[in-house]
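Engineer: Have a look at this one before I ask anything.
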Amino acid sequence: MARWDAILSLPVQNPPTLEFSSVDLVWSKVEGWHDKLDRVALIPFARVDDFVRGESSNKDCPTRFHVEARRRRPPSMPYKPKVDGILEYILYWCSFGPDDHRKGGIVRPSRSTYVPKKKNAGRPNTKRGCTCHFIVKRLIAEPSVALIIFNDDKHVDKKGMPCHGPQDKMAAGTRAMFAPYISEDLRLRILSLLYVGVSVETIMQRHNETVERQGGPSNRDDLLTHRCVRRQERAIRRSTYELDPDDAVSISMWVESHQNHVFFYEDFSDSDPFTLGIQTEWQLQQMIRFGNCNLLISDSKFGTNKLKYPIHSLLVFNSDKKAIPVAWIITPRFSSLDSHRWMRALYNRVHTKDPTWKLAGFIVDDPLYDVLAIRDVFQCSVLISFWRIRHALHKNIVKKCLDIEMQAEISRRLAQIVDKICRAQGTMSLIEDFMEDFVDESDFMDYFKATWYPRIGRWISALKTLPLASQETCAAIEFYHNQLKIRLLNEKNINVYQRADWLVNKLGTKVHSYFWLDEYTEKDDFARYWKNEWASGLTSWRKTLRIPDSDVVMEDGCAKVIDQLDQDKVYVVWNPGSMFGICNCTWAQEGNLCEHILKVISICQKRRSILPSISLFQYHQALIDMLHCPRYDSLICDHAVSLAVSVQKQLNALIDSESRQNVVDPSEKLAIDRTNQQTSSLETLLGRTRNRSDASSRDGDSSADGSEAPGLVSGGLGDQVVGDGEDTLPADMDVDPSSICISPIPPGLYSVDEAILSIGSEMSSSKNGASCASPMETLKHCNQNSVNGMSKVDSDIHLSNISRFISVDAEPPVINVVENENPENMDVDIRSNNT
């Protein structure tokens with residue numbers, strides 16, 4: 001086989017780790033120059049930097065590779081598509097070579113002009129004649145693939161002796177024992193601390209104290225010098241965002257010099273607007289780490305009133321369930337038609353790093369979002385967050401209505417409207433009645449008619465068709481939105497807000513540094529030097545978990561919550577149990593969901609004085625709809641039950657493992673036990689629906705002619721599902737396990753009876769030898785326990801996985817439930833869903 005035929009026939013290797021080295025690849029030998037066999041491998045060209053970093057992190061011989069030579073064909077140069085044609089050639093060499101500045105070492109003829117310094121103490125530690133190098137070629141035949149030629153893979157000199165690292169005895173006691181430069185993690189840490197205002201002296205003082213505590217240097221980072229930090233500080237001080245007086249030219253120059261931070265860029269044209277997608281290497285790592293089998297959240301239109309170009313942020317939940325940005329999209333206008341291109345570019349960038357990466361759900365905050373594009377690119381279900389409209393309405397209610405009772409009444413009506421719409425019980429008439437009833441509140445109504453009434457139709461349609469994100473998600477987005485506002489919009493000269501080059505520069509430097517330090521484990525060492533905008537703290541939902549139930553008192557239709565820092569201060573919450581509650585704390589007055597409102601909602605749910613949350617209702621609705629598959633298609637029905645049981649089994653396994661580590665408040669444990677002891681109507685609904693469906697299938701397709709088959713009829717599970725006259729759906733519990741990631745689809749199909757009975761036997765054997773529960777009791781029990789143990793964000797993930805099956809694999813039938821005089825007299829009505 002010819003040389004290039006052999007090379008191009010090799011498989012392209014793409015290890016799933018963030019970084020990889022030569023030991024992670026399978027090398028092939030092909031005929032090279034001078035009858036020499038070359039060790040070659042093919043990897044994606046976009047992952048060359050990952051290979052260089054992984055090869056530099058050699059445990060046996062830590063080093064750093066630099067670009068010794070580079071040849072790049074200009075894009076404008078014409079070329080023939082030859083099989084051996086090269087678009088780019090890069091020679092990477094170990095930074096301890098190729099020259100040897102040790103005594104008696106050899107310096108290449110091209111470096112004959114080098115004049116030795118009088119004090120060359122540092123040079124022998126950096127140039128020691130290491131011969132380790134490799135070549136990267138980007139071929140014309142395969143531009144997306146990099147050909148790596150790696151022959152000299154040993155870190156030795158020309159005599160074949162180790163020249164640096166632990167194996168070199170002459171390197172003991174010098175910096176040649178370690179890598180020649182500091183790690184990327186330490187470089188980012190220093191840059192972030194400098195950007196937020198920590199001085200060079202403070203950074204070095206804290207660093208030296210850490211090295212002394214561990215007993216001396218153990219790696220190259222421990223040998224950090226004052227000169228290295230001062231050099232970075234000087235580079236920051238001398239840099240400027242205004243690369244050119246023309247803003248458009250300045251942006252183009254920034255993009256050219258920050259290719260690694262740009263995943264999508266389109267300049268202004270006659271048909272398309274300016275669009276720039278920014279994602280640093282750290283953000284890409286966080287997206288892979290926290291986004292896989294998890295949620296991706298959109299915060300669109302930030303800075304519409306101040307910035308020249310608004311910011312569209314993509315967020316993920318970290319281990320503390322706080323929203324952190326993993327990408328920023330800057331464009332002059334938010335258009336759903338333009339989103340498909342940058343979504344595809346972002347998805348391809350992530351998949352280049354990790355081909356197994358997959359989203360569980362995508363949360364949008366605007367009804368105009370291109371839902372079809374999201375489903376096409378990310379292959380996941382879509383949820384909608386109501387936080388933006390709730391934030392604006394709440395803020396203007398407090399601002400434009402001075403009477404506190406009127407504020408509470410307007411908020412109560414708005415909460416009822418949203419609740420009924422999400423439960424498929426409301427129409428546009430609710431909005432019209434609301435406007436007529438509060439026509440006297442002219443200030444607020446003028447704002448409502450001008451701002452929200454023209455958009456209300458799109459919002460109603462979105463709330464009816466998309467699952468609603470939970471309160472924890474809203475609290476996390478609000479917290480991020482406020483942090484971004486404080487950290488970005490704090491310039492004294494407001495004229496800079498009209499320049500796009502200032503915006504991209506500050507996002508990629510200062511703002512990025514703030515969020516990087518939020519994830520830095522040792523940030524408390526610099527707590528005394530923090531600025532106000534650095535402090536992040538906890539989200540409102542997390543603060544709720546720290547408020548004991550005894551500090552909440554219900555009286556006179558209101559709730560009073562004792563402040564946790566000042567026990568003499570009490571906050572009053574009107575409309576207790578509603579997400580449109582009114583609180584007199586500062587955070588709530590700005591339109592946000594405060595911890596007092598959320599705590600009161602939690603108390604009301606434990607006492608069952610309010611309906612279950614919309615998220616929990618939609619969770620049950622999705623589960624029920626999934627089981628209501630067309631009875632003529634047994635495969636889909638088996639798949640539905642199998643999927644439901646499989647997901648519940650994964651949840652229970654994760655929750656059980658976390659329950660051993662988490663200490664649950666006694667009042668919460670009592671509420672959980674009481675909830676688990678109650679009989680859920682889900683068993684009745686699922687069991688009878690299946691029995692009726694089987695009976696109907698035996699009787700024939702009696703419903704094909706339009707007549708309703710006897711069975712369960714309902715008016716939308718939004719009201720209480722009636723079995724014994726009480727609401728028996730399990731309430732949201734404020735138990736917070738660690739992050740739960742659920743595989744979207746189980747690896748295979750299970751038999752319905754086998755899947756349910758197997759889990760039933762496991763649960764029954766764990767309950768002191770109790771008798772095996774029925775299949776539907778088992779499913780109900782799994783459902784109850786998993787929901788009670790989930791945090792709000794985890795329930796969003798769970799709902800997105802179930803709704804993804806419904807939206808992708810089959811259209812669920814419409815199921816309605818209404819109360820009859822005799823609960824035993826309930827019929828099943830499965831109608832085709834043509835929506």
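FYI, nothing fancy with the structure tokens labels: chains A, B, ... in order, residues from 1 per chain, ligands from 1 as they appear.
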Just the residues within 12 Å of Arg175 of chain A, please, counting only C-alpha atoms, with nothing from its chain fewer than 5 positions along; format it as a list in words.
Structural biologist: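 Once the nearby chain positions are removed, what remains is Pro62, Thr63, Phe96, Ala121, Gly122, Arg123, Pro124, Asn125, Thr126, Lys127, Arg128, His164, Gly165, Pro166, Asp168, Met170, Pro180, Tyr181, Ile182, Pro217, Ser218, Asn219, Arg220, Asp221, Asp222, Leu223, Leu224 and Thr225 of chain A.
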Engineer: Env of Val326 of chain A: 7 Å cut, atoms = only C-alpha atoms, seq-sep filter 5 positions within chain, self excluded. Answer as a ChimeraX atom specification.
Structural biologist: /A:279,283-284,286-287,314-316
Engineer: Write the residues you've just listed into a file as a PDB file, in the first residue's frame, and include C-alpha atoms for each of them.
Structural biologist:
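New file selection_14.pdb:
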ATOM      1  CA  GLN A 279     -16.496  30.435  25.012  1.00  0.00           C
ATOM      2  CA  GLN A 283     -16.179  27.442  30.053  1.00  0.00           C
ATOM      3  CA  LEU A 284     -16.017  24.563  27.579  1.00  0.00           C
ATOM      4  CA  GLN A 286     -17.583  23.353  32.652  1.00  0.00           C
ATOM      5  CA  MET A 287     -20.148  22.772  29.900  1.00  0.00           C
ATOM      6  CA  LEU A 314     -25.925  29.981  28.333  1.00  0.00           C
ATOM      7  CA  LEU A 315     -25.716  28.573  31.863  1.00  0.00           C
ATOM      8  CA  VAL A 316     -25.267  25.251  33.611  1.00  0.00           C
TER       9      VAL A 316
END
Engineer: Enumerate the residues of segment 500-639 of chain A with a DSSP assignment of alpha helix (DSSP H), computed from the backbone, and present them as a VMD selection string.
Structural biologist: chain A and resid 500 to 506 512 to 518 540 to 544 586 to 589 595 to 606 614 to 627 634 to 639
Engineer: Taking only C-alpha atoms into account, name the residue in A:Leu296, A:Ile456, A:Ser578, A:Asp501 that is nearest to Ser800 of chain A.
Structural biologist: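 That would be A:Leu296, the residue with the smallest distance to Ser800 of chain A.
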Engineer: Compile a residue-level contact table for segment 526-624 of chain A against segment 394-401 of chain A at a cut-off of 7 Å, reporting for every qualifying residue the shortest atom pair and its distance in Å to one decimal, with only C-alpha atoms counted, rows ordered by chain and ascending number, as CSV.
Structural biologist:
residue,atom,partner,partner_atom,distance
A:Gln589,CA,A:Lys395,CA,6.5
A:Glu590,CA,A:Lys395,CA,5.5
A:Gly591,CA,A:Lys395,CA,4.1
Engineer: Any chance you can output those residues with all heavy atoms as a CSV table (one decimal), in the first residue's frame?
Structural biologist:
chain,number,residue,atom,x,y,z
A,589,GLN,N,-38.2,43.3,46.9
A,589,GLN,CA,-38.6,44.6,46.3
A,589,GLN,C,-38.1,44.9,45.0
A,589,GLN,O,-38.6,45.7,44.2
A,589,GLN,CB,-38.3,45.7,47.3
A,589,GLN,CG,-39.0,45.7,48.7
A,589,GLN,CD,-40.5,45.8,48.5
A,589,GLN,OE1,-41.0,46.8,48.0
A,589,GLN,NE2,-41.3,44.9,49.0
A,590,GLU,N,-36.9,44.3,44.6
A,590,GLU,CA,-36.3,44.5,43.3
A,590,GLU,C,-36.9,43.5,42.3
A,590,GLU,O,-36.5,43.5,41.1
A,590,GLU,CB,-34.8,44.3,43.4
A,590,GLU,CG,-34.1,45.3,44.3
A,590,GLU,CD,-32.6,45.0,44.4
A,590,GLU,OE1,-32.2,43.9,43.9
A,590,GLU,OE2,-31.9,45.8,45.1
A,591,GLY,N,-37.9,42.8,42.7
A,591,GLY,CA,-38.6,41.9,41.8
A,591,GLY,C,-38.1,40.4,41.8
A,591,GLY,O,-38.6,39.6,41.0
Engineer: Measuring between only C-alpha atoms, which one of A:His101, A:Glu184, A:Asp50, A:Ser22 shows the shortest distance to Phe134 of chain A?
Structural biologist: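 Using only C-alpha atoms, Phe134 of chain A sits closest to A:Ser22.
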Engineer: Go through A:Glu31, A:Glu409, A:Asp556, A:Glu242 and flag the residue nearest Ile149 of chain A, using only C-alpha atoms for the distances.
Structural biologist: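 For Ile149 of chain A, the nearest of the candidates is A:Glu31.
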